[in-house]
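What follows is the content of work39.csv (CSV, C-alpha atoms).
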chain,number,residue,atom,x,y,z
Z,1,MET,CA,10.9,11.4,-9.8
Z,2,ALA,CA,7.9,11.2,-7.5
Z,3,GLY,CA,8.5,12.7,-4.1
Z,4,ASN,CA,11.5,14.9,-4.6
Z,5,SER,CA,11.2,17.6,-2.0
Z,6,CYS,CA,11.6,16.4,1.6
Z,7,GLY,CA,13.9,13.7,2.7
Z,8,GLY,CA,15.7,13.5,5.9
Z,9,SER,CA,14.1,15.0,8.9
Z,10,GLU,CA,13.1,12.2,11.4
Z,11,SER,CA,10.5,14.2,13.3
Z,12,VAL,CA,7.2,15.9,12.6
Z,13,LYS,CA,6.1,18.9,14.6
Z,14,LYS,CA,3.2,17.7,16.6
Z,15,SER,CA,1.3,21.0,16.0
Z,16,ASP,CA,1.7,20.6,12.2
Z,17,SER,CA,0.4,17.0,12.2
Z,18,ARG,CA,-2.5,18.0,14.5
Z,19,LYS,CA,-3.8,20.3,11.7
Z,20,ASN,CA,-4.8,17.2,9.7
Z,21,ARG,CA,-7.9,15.4,10.9
Z,22,LEU,CA,-7.8,12.2,8.9
Z,23,LEU,CA,-10.4,9.7,7.8
Z,24,TYR,CA,-8.7,6.4,6.9
Z,25,LEU,CA,-10.4,3.6,4.9
Z,26,LEU,CA,-9.2,0.2,5.8
Z,27,PRO,CA,-10.2,-2.7,3.5
Z,28,ARG,CA,-10.4,-5.4,6.2
Z,29,TYR,CA,-10.1,-6.0,9.9
Z,30,ASP,CA,-9.5,-9.5,11.1
Z,31,ALA,CA,-7.3,-10.3,14.1
Z,32,GLU,CA,-6.6,-13.7,12.6
Z,33,SER,CA,-5.9,-12.4,9.1
Z,34,PRO,CA,-3.2,-14.2,7.1
Z,35,GLU,CA,-2.9,-11.0,4.9
Z,36,HIS,CA,-0.4,-8.2,5.2
Z,37,VAL,CA,-3.2,-5.8,6.1
Z,38,TYR,CA,-2.6,-7.2,9.6
Z,39,HIS,CA,0.5,-4.8,9.8
Z,40,LEU,CA,-1.8,-1.8,9.5
Z,41,TYR,CA,-3.5,-2.4,12.8
Z,42,GLY,CA,-0.5,-1.4,14.9
Z,43,PHE,CA,0.3,1.4,12.4
Z,44,LEU,CA,-3.1,2.9,12.9
Z,45,ARG,CA,-2.8,2.7,16.6
Z,46,LYS,CA,0.4,4.8,16.5
Z,47,LEU,CA,-1.3,7.3,14.1
Z,48,GLN,CA,-4.2,7.6,16.5
Z,49,ASP,CA,-1.7,8.7,19.2
Z,50,ARG,CA,-0.4,11.5,16.9
Z,51,ILE,CA,-3.4,12.9,15.0
Z,52,PRO,CA,-7.2,13.0,15.2
Z,53,LEU,CA,-8.0,9.8,13.3
Z,54,GLU,CA,-11.2,8.1,12.3
Z,55,VAL,CA,-11.1,4.7,10.5
Z,56,ILE,CA,-13.9,3.0,8.5
Z,57,VAL,CA,-13.5,-0.6,7.7
Z,58,GLU,CA,-15.0,-2.3,4.6
Z,59,ARG,CA,-15.1,-5.9,6.0
Z,60,VAL,CA,-14.9,-7.0,9.6
Z,61,SER,CA,-14.3,-10.5,10.8
Z,62,GLY,CA,-14.9,-11.0,14.5
Z,63,SER,CA,-15.1,-7.8,16.5
Z,64,LEU,CA,-13.3,-4.5,16.3
Z,65,PRO,CA,-11.0,-3.5,19.2
Z,66,GLU,CA,-12.9,-1.3,21.6
Z,67,ASP,CA,-10.1,1.2,22.0
Z,68,ALA,CA,-9.7,2.0,18.3
Z,69,ALA,CA,-11.6,4.7,16.5
Z,70,MET,CA,-12.9,2.1,13.9
Z,71,ARG,CA,-16.4,1.9,12.4
Z,72,PRO,CA,-17.6,-0.9,10.1
Z,73,LEU,CA,-19.4,-0.4,6.8
Z,74,TRP,CA,-22.8,-2.1,6.6
Z,75,ILE,CA,-22.8,-2.8,2.9
Z,76,ARG,CA,-20.3,-5.4,1.7
Z,77,THR,CA,-21.3,-5.8,-1.9
Z,78,PRO,CA,-18.7,-3.8,-4.0
Z,79,ALA,CA,-21.3,-2.7,-6.5
Z,80,LEU,CA,-23.2,-0.9,-3.8
Z,81,ARG,CA,-20.5,-0.3,-1.2
Z,82,TRP,CA,-19.2,2.8,-2.8
Z,83,ILE,CA,-22.6,4.5,-2.1
Z,84,GLU,CA,-22.2,4.0,1.7
Z,85,GLU,CA,-18.6,5.0,1.5
Z,86,GLY,CA,-19.6,8.2,-0.3
Z,87,ILE,CA,-22.1,9.0,2.4
Z,88,ARG,CA,-19.5,8.4,5.1
Z,89,PHE,CA,-17.0,10.6,3.4
Z,90,PHE,CA,-19.6,13.3,2.8
Z,91,LEU,CA,-20.6,13.4,6.5
Z,92,ALA,CA,-16.9,13.4,7.5
Z,93,ARG,CA,-16.3,16.4,5.2
Z,94,LEU,CA,-19.3,18.2,6.8
Z,95,ARG,CA,-17.6,17.6,10.2
Z,96,GLY,CA,-14.6,19.4,8.9
Z,97,ILE,CA,-12.3,16.5,7.9
Z,98,LYS,CA,-10.5,17.5,4.7
Z,99,THR,CA,-8.0,14.6,4.3
Z,100,PHE,CA,-9.0,11.1,3.3
Z,101,TYR,CA,-6.6,8.1,3.0
Z,102,VAL,CA,-7.8,5.0,1.1
Z,103,HIS,CA,-5.8,1.8,1.3
Z,104,TYR,CA,-6.3,-0.2,-1.9
Z,105,SER,CA,-10.1,0.0,-2.2
Z,106,TYR,CA,-11.0,1.4,-5.6
Z,107,THR,CA,-14.7,1.9,-4.6
Z,108,GLY,CA,-13.5,3.9,-1.6
Z,109,ALA,CA,-11.1,6.0,-3.8
Z,110,ILE,CA,-13.8,6.8,-6.3
Z,111,ALA,CA,-16.3,7.7,-3.5
Z,112,ALA,CA,-13.8,9.9,-1.7
Z,113,SER,CA,-12.7,11.6,-4.9
Z,114,ILE,CA,-16.3,12.5,-5.8
Z,115,VAL,CA,-16.9,14.1,-2.4
Z,116,VAL,CA,-13.6,16.0,-2.7
Z,117,ARG,CA,-14.5,17.3,-6.1
Z,118,LEU,CA,-17.8,18.6,-4.7
Z,119,LEU,CA,-16.6,19.9,-1.3
Z,120,GLY,CA,-12.9,20.3,-1.5
Z,121,GLY,CA,-10.2,18.4,0.4
Z,122,ARG,CA,-7.6,15.8,-0.5
Z,123,VAL,CA,-7.6,12.0,-1.3
Z,124,PHE,CA,-4.5,9.9,-0.8
Z,125,TYR,CA,-5.0,6.6,-2.5
Z,126,TRP,CA,-2.5,3.7,-1.8
Z,127,ASN,CA,-2.0,1.2,-4.5
Z,128,CYS,CA,1.2,-0.8,-5.2
Z,129,SER,CA,0.1,-3.3,-7.9
Z,130,LEU,CA,1.7,-3.8,-11.3
Z,131,TYR,CA,-1.7,-4.8,-12.3
Z,132,LYS,CA,-1.2,-4.9,-16.1
Z,133,ASP,CA,1.3,-7.7,-15.6
Z,134,LEU,CA,-1.6,-9.8,-14.3
Z,135,ARG,CA,-3.6,-9.9,-17.5
Z,136,PRO,CA,-4.8,-13.4,-18.5
Z,137,GLY,CA,-3.4,-14.6,-21.8
Z,138,ALA,CA,-5.3,-14.6,-25.1
Z,139,GLY,CA,-6.3,-18.3,-24.4
Z,140,ALA,CA,-7.8,-17.5,-21.0
Z,141,PRO,CA,-11.6,-17.9,-20.6
Z,142,LEU,CA,-13.5,-14.8,-21.7
Z,143,PRO,CA,-15.1,-14.2,-18.2
Z,144,ALA,CA,-11.6,-14.0,-16.7
Z,145,ARG,CA,-10.4,-11.5,-19.3
Z,146,MET,CA,-13.5,-9.4,-18.8
Z,147,ARG,CA,-13.1,-9.4,-15.0
Z,148,GLN,CA,-9.5,-8.3,-15.4
Z,149,ARG,CA,-10.5,-5.5,-17.8
Z,150,LEU,CA,-13.2,-4.3,-15.4
Z,151,TYR,CA,-10.7,-4.3,-12.6
Z,152,GLU,CA,-8.2,-2.3,-14.6
Z,153,TRP,CA,-10.9,0.2,-15.6
Z,154,MET,CA,-11.9,0.8,-12.0
Z,155,LEU,CA,-8.4,1.0,-10.8
Z,156,GLU,CA,-7.3,3.5,-13.4
Z,157,LEU,CA,-10.4,5.6,-12.6
Z,158,SER,CA,-9.3,5.5,-9.0
Z,159,VAL,CA,-5.7,6.6,-9.6
Z,160,ARG,CA,-6.8,9.3,-12.0
Z,161,ALA,CA,-9.5,10.7,-9.7
Z,162,CYS,CA,-7.5,10.9,-6.4
Z,163,THR,CA,-5.5,13.9,-5.4
Z,164,HIS,CA,-2.3,11.8,-4.8
Z,165,LEU,CA,-1.5,8.3,-5.7
Z,166,VAL,CA,0.6,6.8,-2.9
Z,167,THR,CA,2.8,3.8,-3.8
Z,168,GLY,CA,5.8,2.0,-2.3
Z,169,THR,CA,9.0,2.5,-4.3
Z,170,PRO,CA,10.4,4.6,-7.2
Z,171,ARG,CA,10.3,1.6,-9.6
Z,172,VAL,CA,6.6,1.1,-8.9
Z,173,ALA,CA,6.0,4.9,-9.3
Z,174,ASP,CA,7.7,4.7,-12.7
Z,175,TYR,CA,5.3,1.9,-13.7
Z,176,TYR,CA,2.3,4.1,-13.1
Z,177,VAL,CA,3.9,7.0,-15.0
Z,178,ARG,CA,4.8,4.8,-18.0
Z,179,HIS,CA,1.8,2.4,-18.2
Z,180,VAL,CA,-1.0,4.6,-16.8
Z,181,GLY,CA,0.2,8.1,-17.7
Z,182,ILE,CA,0.0,9.4,-14.1
Z,183,PRO,CA,1.9,12.7,-13.8
Z,184,PRO,CA,5.0,12.2,-11.6
Z,185,GLN,CA,4.1,15.2,-9.4
Z,186,LYS,CA,0.8,13.5,-8.4
Z,187,ILE,CA,2.6,10.5,-6.9
Z,188,ARG,CA,3.8,10.2,-3.3
Z,189,LEU,CA,6.1,7.5,-2.1
Z,190,LEU,CA,5.4,5.8,1.2
Z,191,PRO,CA,7.4,2.6,2.0
Z,192,ASN,CA,5.9,-0.5,3.5
Z,193,PHE,CA,7.0,-1.3,7.0
Z,194,THR,CA,7.2,-3.9,9.6
Z,195,ASP,CA,7.3,-4.1,13.4
Z,196,VAL,CA,10.9,-5.4,13.6
Z,197,ASP,CA,10.7,-6.4,17.3
Z,198,ARG,CA,7.8,-8.8,16.5
Z,199,PHE,CA,10.2,-10.9,14.4
Z,200,ARG,CA,13.0,-11.1,16.9
Z,201,ASN,CA,11.3,-12.4,20.1
Z,202,VAL,CA,11.8,-16.1,19.3
Z,203,THR,CA,14.9,-18.2,18.6
Z,204,ARG,CA,15.4,-20.6,15.7
Z,205,THR,CA,15.3,-23.6,18.1
Z,206,GLU,CA,12.1,-22.4,19.7
Z,207,ALA,CA,10.5,-21.8,16.4
Z,208,ARG,CA,11.3,-25.2,15.0
Z,209,LYS,CA,10.1,-26.9,18.1
Z,210,GLU,CA,6.8,-24.9,18.0
Z,211,LEU,CA,6.3,-25.9,14.3
Z,212,ASN,CA,7.4,-29.5,14.8
Z,213,LEU,CA,10.2,-29.2,12.3
Z,214,PRO,CA,13.3,-31.4,12.3
Z,215,ALA,CA,16.2,-29.6,14.0
Z,216,GLY,CA,19.0,-30.8,11.7
Z,217,ARG,CA,17.4,-30.5,8.2
Z,218,LYS,CA,17.5,-27.4,5.9
Z,219,VAL,CA,14.1,-25.6,5.6
Z,220,ALA,CA,13.1,-23.5,2.6
Z,221,LEU,CA,10.0,-21.4,3.2
Z,222,PHE,CA,7.4,-20.4,0.7
Z,223,LEU,CA,4.9,-18.1,2.5
Z,224,HIS,CA,2.5,-16.6,-0.1
Z,225,ARG,CA,-0.8,-17.0,-1.6
Z,226,VAL,CA,-0.4,-20.3,-3.5
Z,227,ALA,CA,-1.0,-18.9,-7.0
Z,228,PRO,CA,1.0,-18.7,-10.3
Z,229,ARG,CA,1.5,-14.9,-9.9
Z,230,LYS,CA,3.4,-15.8,-6.7
Z,231,GLY,CA,5.5,-18.4,-8.5
Z,232,ALA,CA,3.8,-21.5,-6.8
Z,233,HIS,CA,4.0,-23.3,-10.2
Z,234,PHE,CA,7.8,-23.1,-10.0
Z,235,LEU,CA,8.0,-24.9,-6.7
Z,236,PRO,CA,8.2,-28.6,-8.0
Z,237,GLU,CA,11.1,-27.7,-10.3
Z,238,ILE,CA,12.9,-25.7,-7.6
Z,239,ALA,CA,12.4,-28.6,-5.1
Z,240,ARG,CA,13.6,-31.3,-7.5
Z,241,ARG,CA,16.8,-29.4,-8.4
Z,242,LEU,CA,17.5,-28.2,-4.9
Z,243,VAL,CA,17.2,-31.7,-3.4
Z,244,LYS,CA,19.5,-33.1,-6.1
Z,245,GLU,CA,22.1,-30.4,-5.6
Z,246,ALA,CA,21.9,-29.5,-2.0
Z,247,GLY,CA,20.6,-32.7,-0.3
Z,248,PRO,CA,17.4,-33.2,1.7
Z,249,VAL,CA,15.4,-30.0,2.2
Z,250,THR,CA,12.0,-29.5,3.7
Z,251,PHE,CA,9.9,-27.1,1.6
Z,252,LEU,CA,7.6,-25.5,4.1
Z,253,VAL,CA,4.5,-24.1,2.3
Z,254,ALA,CA,2.4,-21.7,4.3
Z,255,GLY,CA,-0.6,-20.4,2.4
Z,256,GLY,CA,-3.6,-21.3,0.4
Z,257,GLY,CA,-5.0,-20.3,-3.0
Z,258,PRO,CA,-6.2,-21.3,-6.4
Z,259,TYR,CA,-3.1,-23.3,-7.3
Z,260,LEU,CA,-2.9,-25.4,-4.1
Z,261,GLU,CA,-4.7,-28.4,-5.4
Z,262,GLU,CA,-2.6,-28.5,-8.6
Z,263,LEU,CA,0.6,-28.1,-6.6
Z,264,HIS,CA,-0.4,-31.1,-4.4
Z,265,ARG,CA,-1.0,-33.1,-7.5
Z,266,ARG,CA,2.3,-32.2,-9.1
Z,267,VAL,CA,4.3,-32.8,-5.9
Z,268,ASP,CA,2.7,-36.3,-5.7
Z,269,ALA,CA,3.2,-37.0,-9.4
Z,270,GLU,CA,6.9,-36.1,-9.2
Z,271,LYS,CA,7.4,-38.1,-6.0
Z,272,LEU,CA,8.4,-35.1,-4.0
Z,273,SER,CA,5.9,-35.5,-1.2
Z,274,ALA,CA,8.6,-36.5,1.4
Z,275,PHE,CA,10.1,-33.0,1.0
Z,276,PHE,CA,7.0,-30.9,1.3
Z,277,ASP,CA,5.2,-29.7,4.4
Z,278,PHE,CA,1.9,-27.9,3.6
Z,279,ARG,CA,0.5,-25.8,6.5
Z,280,GLY,CA,-2.3,-23.9,4.7
Z,281,TRP,CA,-3.3,-20.4,5.7
Z,282,ILE,CA,-1.7,-19.1,8.9
Z,283,PRO,CA,-2.5,-15.9,10.8
Z,284,ASN,CA,0.0,-13.2,10.2
Z,285,ARG,CA,0.6,-13.0,13.9
Z,286,GLU,CA,2.3,-16.5,13.6
Z,287,VAL,CA,4.4,-15.5,10.6
Z,288,PRO,CA,7.6,-14.7,12.7
Z,289,LEU,CA,7.8,-18.4,13.8
Z,290,TYR,CA,8.0,-19.5,10.1
Z,291,PHE,CA,10.7,-17.0,9.1
Z,292,ARG,CA,12.7,-17.8,12.2
Z,293,ALA,CA,12.5,-21.5,11.6
Z,294,ALA,CA,13.6,-21.3,7.9
Z,295,ASP,CA,17.1,-21.4,6.5
Z,296,LEU,CA,16.0,-19.7,3.3
Z,297,TYR,CA,13.0,-17.9,2.0
Z,298,LEU,CA,11.9,-18.4,-1.6
Z,299,MET,CA,10.1,-15.6,-3.5
Z,300,PRO,CA,9.8,-16.7,-7.2
Z,301,SER,CA,7.0,-14.2,-7.8
Z,302,GLU,CA,6.0,-13.3,-11.3
Z,303,GLU,CA,4.6,-10.0,-10.1
Z,304,GLU,CA,5.1,-7.9,-6.9
Z,305,GLY,CA,4.9,-4.2,-6.0
Z,306,PHE,CA,6.6,-3.7,-2.7
Z,307,PRO,CA,6.8,-7.2,-1.2
Z,308,ARG,CA,6.4,-6.9,2.5
Z,309,VAL,CA,7.4,-10.5,2.9
Z,310,LEU,CA,11.0,-9.5,2.2
Z,311,LEU,CA,10.8,-7.0,5.1
Z,312,GLU,CA,9.5,-9.8,7.3
Z,313,ALA,CA,12.3,-12.1,6.2
Z,314,MET,CA,15.0,-9.4,6.9
Z,315,ALA,CA,13.4,-8.6,10.2
Z,316,ALA,CA,13.6,-12.3,11.2
Z,317,GLY,CA,17.2,-12.7,9.9
Z,318,CYS,CA,16.1,-15.1,7.2
Z,319,PRO,CA,18.1,-14.9,3.9
Z,320,PHE,CA,16.1,-15.1,0.7
Z,321,ILE,CA,16.2,-15.6,-3.0
Z,322,ALA,CA,13.8,-13.5,-5.1
Z,323,PHE,CA,13.0,-12.7,-8.7
Z,324,ASP,CA,13.7,-9.1,-9.7
Z,325,VAL,CA,10.1,-7.8,-9.9
Z,326,GLY,CA,8.5,-4.6,-8.9
Z,327,GLY,CA,10.4,-2.6,-6.3
Z,328,VAL,CA,12.5,-5.4,-5.0
Z,329,ARG,CA,15.9,-3.8,-5.8
Z,330,ASP,CA,14.7,-0.5,-4.5
Z,331,ILE,CA,14.6,-1.8,-0.9
Z,332,LEU,CA,17.9,-3.7,-0.8
Z,333,PRO,CA,21.5,-2.6,-0.2
Z,334,LYS,CA,24.1,-3.5,-2.8
Z,335,SER,CA,25.5,-6.2,-0.5
Z,336,MET,CA,22.3,-8.2,-1.0
Z,337,THR,CA,22.1,-8.0,-4.8
Z,338,GLY,CA,23.1,-11.7,-4.9
Z,339,CYS,CA,19.7,-12.5,-3.4
Z,340,VAL,CA,18.0,-11.2,-6.5
Z,341,VAL,CA,17.9,-12.9,-10.0
Z,342,GLU,CA,16.2,-12.0,-13.2
Z,343,ARG,CA,12.5,-12.9,-13.4
Z,344,ARG,CA,11.9,-16.5,-14.6
Z,345,ASP,CA,15.6,-17.3,-14.6
Z,346,MET,CA,15.1,-20.6,-12.9
Z,347,GLN,CA,18.7,-21.7,-13.4
Z,348,ALA,CA,20.0,-18.6,-11.5
Z,349,PHE,CA,17.3,-18.9,-8.9
Z,350,VAL,CA,18.3,-22.5,-8.1
Z,351,ARG,CA,22.0,-21.8,-8.3
Z,352,GLN,CA,21.8,-19.0,-5.8
Z,353,SER,CA,19.5,-21.1,-3.6
Z,354,VAL,CA,22.0,-24.0,-3.6
Z,355,SER,CA,24.8,-21.6,-2.8
Z,356,ALA,CA,22.9,-20.1,0.2
Z,357,LEU,CA,21.9,-23.5,1.6
Z,358,GLN,CA,25.5,-24.9,1.3
Z,359,ASN,CA,27.2,-21.8,2.6
Z,360,PRO,CA,26.4,-20.8,6.2
Z,361,ALA,CA,28.7,-17.8,6.0
Z,362,LEU,CA,26.9,-16.4,3.0
Z,363,ARG,CA,23.5,-16.9,4.7
Z,364,ALA,CA,24.9,-15.2,7.8
Z,365,SER,CA,26.2,-12.3,5.7
Z,366,TRP,CA,22.8,-11.7,4.0
Z,367,SER,CA,21.1,-12.1,7.4
Z,368,LYS,CA,23.3,-9.4,9.0
Z,369,ALA,CA,22.9,-7.0,6.0
Z,370,GLY,CA,19.1,-7.5,5.9
Z,371,GLY,CA,18.8,-7.0,9.7
Z,372,LYS,CA,20.4,-3.6,9.3
Z,373,GLN,CA,18.5,-2.7,6.2
Z,374,VAL,CA,15.0,-3.5,7.6
Z,375,LEU,CA,15.5,-0.9,10.3
Z,376,LEU,CA,15.0,1.7,7.6
Z,377,PHE,CA,11.4,0.3,7.2
Z,378,SER,CA,10.5,0.2,10.8
Z,379,GLU,CA,6.9,1.1,11.7
Z,380,ASP,CA,8.0,4.2,13.6
Z,381,ARG,CA,10.0,5.6,10.7
Z,382,VAL,CA,7.1,5.1,8.3
Z,383,VAL,CA,4.6,6.7,10.7
Z,384,GLU,CA,6.8,9.8,10.6
Z,385,ALA,CA,7.0,9.6,6.8
Z,386,PHE,CA,3.2,9.3,6.6
Z,387,LEU,CA,2.7,12.4,8.9
Z,388,ARG,CA,5.1,14.4,6.8
Z,389,MET,CA,3.2,13.3,3.6
Z,390,ILE,CA,-0.2,14.5,4.8
Z,391,ASP,CA,1.5,17.7,6.0
Z,392,GLY,CA,2.5,18.3,2.4
Z,393,GLN,CA,6.1,17.1,2.4
Z,394,ALA,CA,6.9,14.5,-0.3
Z,395,LEU,CA,9.4,11.7,0.6
Z,396,ASP,CA,12.8,11.8,-1.1
Z,397,TRP,CA,13.7,8.1,-1.5
Z,398,GLY,CA,17.4,8.7,-1.7
Z,399,ALA,CA,17.5,10.7,1.5
Z,400,PHE,CA,15.2,8.1,3.2
Z,401,LEU,CA,17.7,5.3,2.4
Z,402,ALA,CA,20.7,7.5,3.1
Z,403,SER,CA,19.7,7.5,6.7
Z,404,ARG,CA,21.4,4.1,6.9
Z,405,GLN,CA,24.7,6.0,6.8
Z,406,GLU,CA,23.7,7.8,9.9
Z,407,GLY,CA,23.8,4.8,12.1
Z,408,ILE,CA,20.3,3.4,11.6
Could the structure of this file be written out as structure tokens, please?
Amino acid sequence: MAGNSCGGSESVKKSDSRKNRLLYLLPRYDAESPEHVYHLYGFLRKLQDRIPLEVIVERVSGSLPEDAAMRPLWIRTPALRWIEEGIRFFLARLRGIKTFYVHYSYTGAIAASIVVRLLGGRVFYWNCSLYKDLRPGAGAPLPARMRQRLYEWMLELSVRACTHLVTGTPRVADYYVRHVGIPPQKIRLLPNFTDVDRFRNVTRTEARKELNLPAGRKVALFLHRVAPRKGAHFLPEIARRLVKEAGPVTFLVAGGGPYLEELHRRVDAEKLSAFFDFRGWIPNREVPLYFRAADLYLMPSEEEGFPRVLLEAMAAGCPFIAFDVGGVRDILPKSMTGCVVERRDMQAFVRQSVSALQNPALRASWSKAGGKQVLLFSEDRVVEAFLRMIDGQALDWGAFLASRQEGI
């Protein structure tokens, strides 16, 4: 469906990409960020080497790098921020910039779309959220339901107003077609990516020593925001059953969030404290240590779009078990389908986790397959796909993945 024209070429003519002066809206810059937006910093540096690029940043923690073409917004309140964003886009358009790329920010997408409607140009808006799956139930407090409805209204206004909605995989694109009514021809596919080398510069022994983890004990990693949508509420049940069936396992929990206090309470109440190691939020730059130290990564998420954590796990050679949500199956080879079970099927999730922990050969097989697959989603390949996209060439997902047959 979305993105059915261009597929295979691995290079972009430099002269073609130079035609596109680009203004990129980044939602946050923080060198210590625990979020996946951290991956964008290196990506933008590579784009800056290829095209004339300006970046505006909604929120800045610390200081911006001096060698990057980044400028912060002064207004941080979302209700007013879109006004400054509109002014920035308007001035950029007067300077001759015709292409705007907005990452996730719905205020930025709306402001850019208004400017483009008035003065011409294009707005590419990245969003990869199955947002209607996040609706609070009928018994949720009224303020929570009202906030979700407002968020949905703003998001749908953004995806309808932009020139092209950019999202991660075909399944997520289909979600926007079916649930939002976005025409398929308006959608562009752009995969998430990871810097593979960053996850391979430390050994398992070194990682465990650095993190003070026992060398001989199995480690199951949960590295997410600690929230029900990420499956944090499933962890006590998973732990109880894994320990019973697979022996002692350390459950390494890296992250914070609204469910953390309740998770602590449940772990204590169920006498599982000896098996849990809570680390809180960690900077994304330290994430490779955690994946390299783990025997298995757990992703019992209730909702995902394109989970970059699975790319990080594959890059680090860490096998995983995940629920079949969002675009998970879109990014995996057939040899790794055993890593994925139906959403909320806890029996299957635990069964596959036990099999993986008890079978080193199976873990090694998944690790090898993932290590090959993640090369498809390297930072360099996605930079090329991005440049082709703003040059007007839509990504053919099948051809993009078929490159694996060409020795990638």
If I put a ball of radius 6 Å at (5.5, 12.6, 1.4) in the file's coordinates, which residues poke into it when counting all atoms listed in the file, written as an MDAnalysis selection string? chainID Z and resid 188 388:389 393:395
Can you list, as a ChimeraX atom specification, every protein, DNA or RNA residue that comes within 8 Å of Leu332 of chain Z when you count all atoms listed in the file, leaving out same-chain residues fewer than 5 positions away? /Z:337,370,373
For the residues in that selection, give me C-alpha atoms as a CSV table (one decimal), in the frame of the given file.
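Contents of part_11.csv, freshly written:
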chain,number,residue,atom,x,y,z
Z,337,THR,CA,22.1,-8.0,-4.8
Z,370,GLY,CA,19.1,-7.5,5.9
Z,373,GLN,CA,18.5,-2.7,6.2
For each of Z:Arg59, Z:Arg292, Z:Arg21, Z:Arg344, take the minimum atom-to-atom distance to Pro319 of chain Z, counting all atoms listed in the file, then give the residue where this is smallest.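 So, comparing all the options, the nearest one is Z:Arg292.
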Here atom CA of Leu26 of chain Z and atom CA of Gly108 of chain Z stand apart by 9.3 Å
Please measure the separation of atom CA of Asp30 of chain Z and atom CA of Gly62 of chain Z, giving the value in Å to one decimal. 6.6 Å
Length of the atom CA of Lys46 of chain Z to atom CA of Leu387 of chain Z vector [Å]: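 One can read the atom CA of Lys46 of chain Z to atom CA of Leu387 of chain Z distance as 11.0 Å.
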Please report, as JSON lines, each residue of segment 284-335 of chain Z lying at most 12 Å from segment 226-231 of chain Z, together with the nearest pair of atoms and the separation in Å rounded to one decimal; use only C-alpha atoms, and order rows by chain and ascending residue number.
{"residue": "Z:Leu298", "atom": "CA", "partner": "Z:Gly231", "partner_atom": "CA", "distance": 9.4}
{"residue": "Z:Met299", "atom": "CA", "partner": "Z:Gly231", "partner_atom": "CA", "distance": 7.3}
{"residue": "Z:Pro300", "atom": "CA", "partner": "Z:Gly231", "partner_atom": "CA", "distance": 4.8}
{"residue": "Z:Ser301", "atom": "CA", "partner": "Z:Lys230", "partner_atom": "CA", "distance": 4.1}
{"residue": "Z:Glu302", "atom": "CA", "partner": "Z:Arg229", "partner_atom": "CA", "distance": 5.0}
{"residue": "Z:Glu303", "atom": "CA", "partner": "Z:Arg229", "partner_atom": "CA", "distance": 5.8}
{"residue": "Z:Glu304", "atom": "CA", "partner": "Z:Lys230", "partner_atom": "CA", "distance": 8.1}
{"residue": "Z:Gly305", "atom": "CA", "partner": "Z:Lys230", "partner_atom": "CA", "distance": 11.7}
{"residue": "Z:Pro307", "atom": "CA", "partner": "Z:Lys230", "partner_atom": "CA", "distance": 10.8}
{"residue": "Z:Val309", "atom": "CA", "partner": "Z:Lys230", "partner_atom": "CA", "distance": 11.7}
{"residue": "Z:Ala322", "atom": "CA", "partner": "Z:Gly231", "partner_atom": "CA", "distance": 10.2}
{"residue": "Z:Phe323", "atom": "CA", "partner": "Z:Gly231", "partner_atom": "CA", "distance": 9.4}
{"residue": "Z:Val325", "atom": "CA", "partner": "Z:Lys230", "partner_atom": "CA", "distance": 10.9}
Considering all atoms listed in the file, return as a PyMOL selection string whatever protein or nucleic-acid residues lie within 10 Å of Trp74 of chain Z, sequence-local ones (same chain, fewer than 6 positions apart) excluded. chain Z and resi 57-60+81+84-85
Got a sec: who's within 9 Å of segment 36-44 of chain Z, counting only C-alpha atoms, leaving out chain neighbours fewer than 5 positions off, as a list in words?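 Selected residues are Tyr24, Leu26, Pro27, Arg28, Tyr29, Asp30, Ala31, Asp49, Leu53, Val55, Ala68, Phe193, Thr194, Asp195, Pro283, Asn284, Arg285, Arg308, Val309, Glu379, Asp380, Val382 and Val383 of chain Z.
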Contacts of Lys98 of chain Z at 9 Å or less, counting all atoms listed in the file, minus same-chain residues fewer than 5 places along, as a ChimeraX atom specification? /Z:20-23,92-93,116,119-123
Just want the 10 Å neighbourhood of segment 124-132 of chain Z, counted on only C-alpha atoms, with same-chain residues fewer than 2 positions away dropped. Output as JSON, numbers by chain. {"Z": [24, 25, 99, 100, 101, 102, 103, 104, 105, 106, 108, 109, 110, 112, 113, 122, 134, 135, 136, 148, 149, 151, 152, 155, 158, 159, 161, 162, 163, 164, 165, 166, 167, 168, 169, 172, 173, 175, 176, 179, 180, 186, 187, 188, 189, 190, 192, 303, 304, 305, 306, 307, 325, 326, 327, 389, 390]}
Restricting to all atoms listed in the file, whichever of Z:Met314, Z:Ala369, Z:Val115, Z:Ala215 is closest to Asp197 of chain Z is Z:Met314
Please determine the residues with any atom at most 10 Å from (17.5, -2.5, 10.6) (coordinates as given in the file, with all atoms listed in the file counting) and report them as number ranges by chain. Z: 196, 311, 314-315, 368-378, 404, 407-408
Return the single residue from Z:Glu210, Z:Asp324, Z:Glu270, Z:Asp330 that is closest to Glu342 of chain Z, with distances computed using all atoms listed in the file.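 Looking only at the distances to Glu342 of chain Z, the closest residue turns out to be Z:Asp324.
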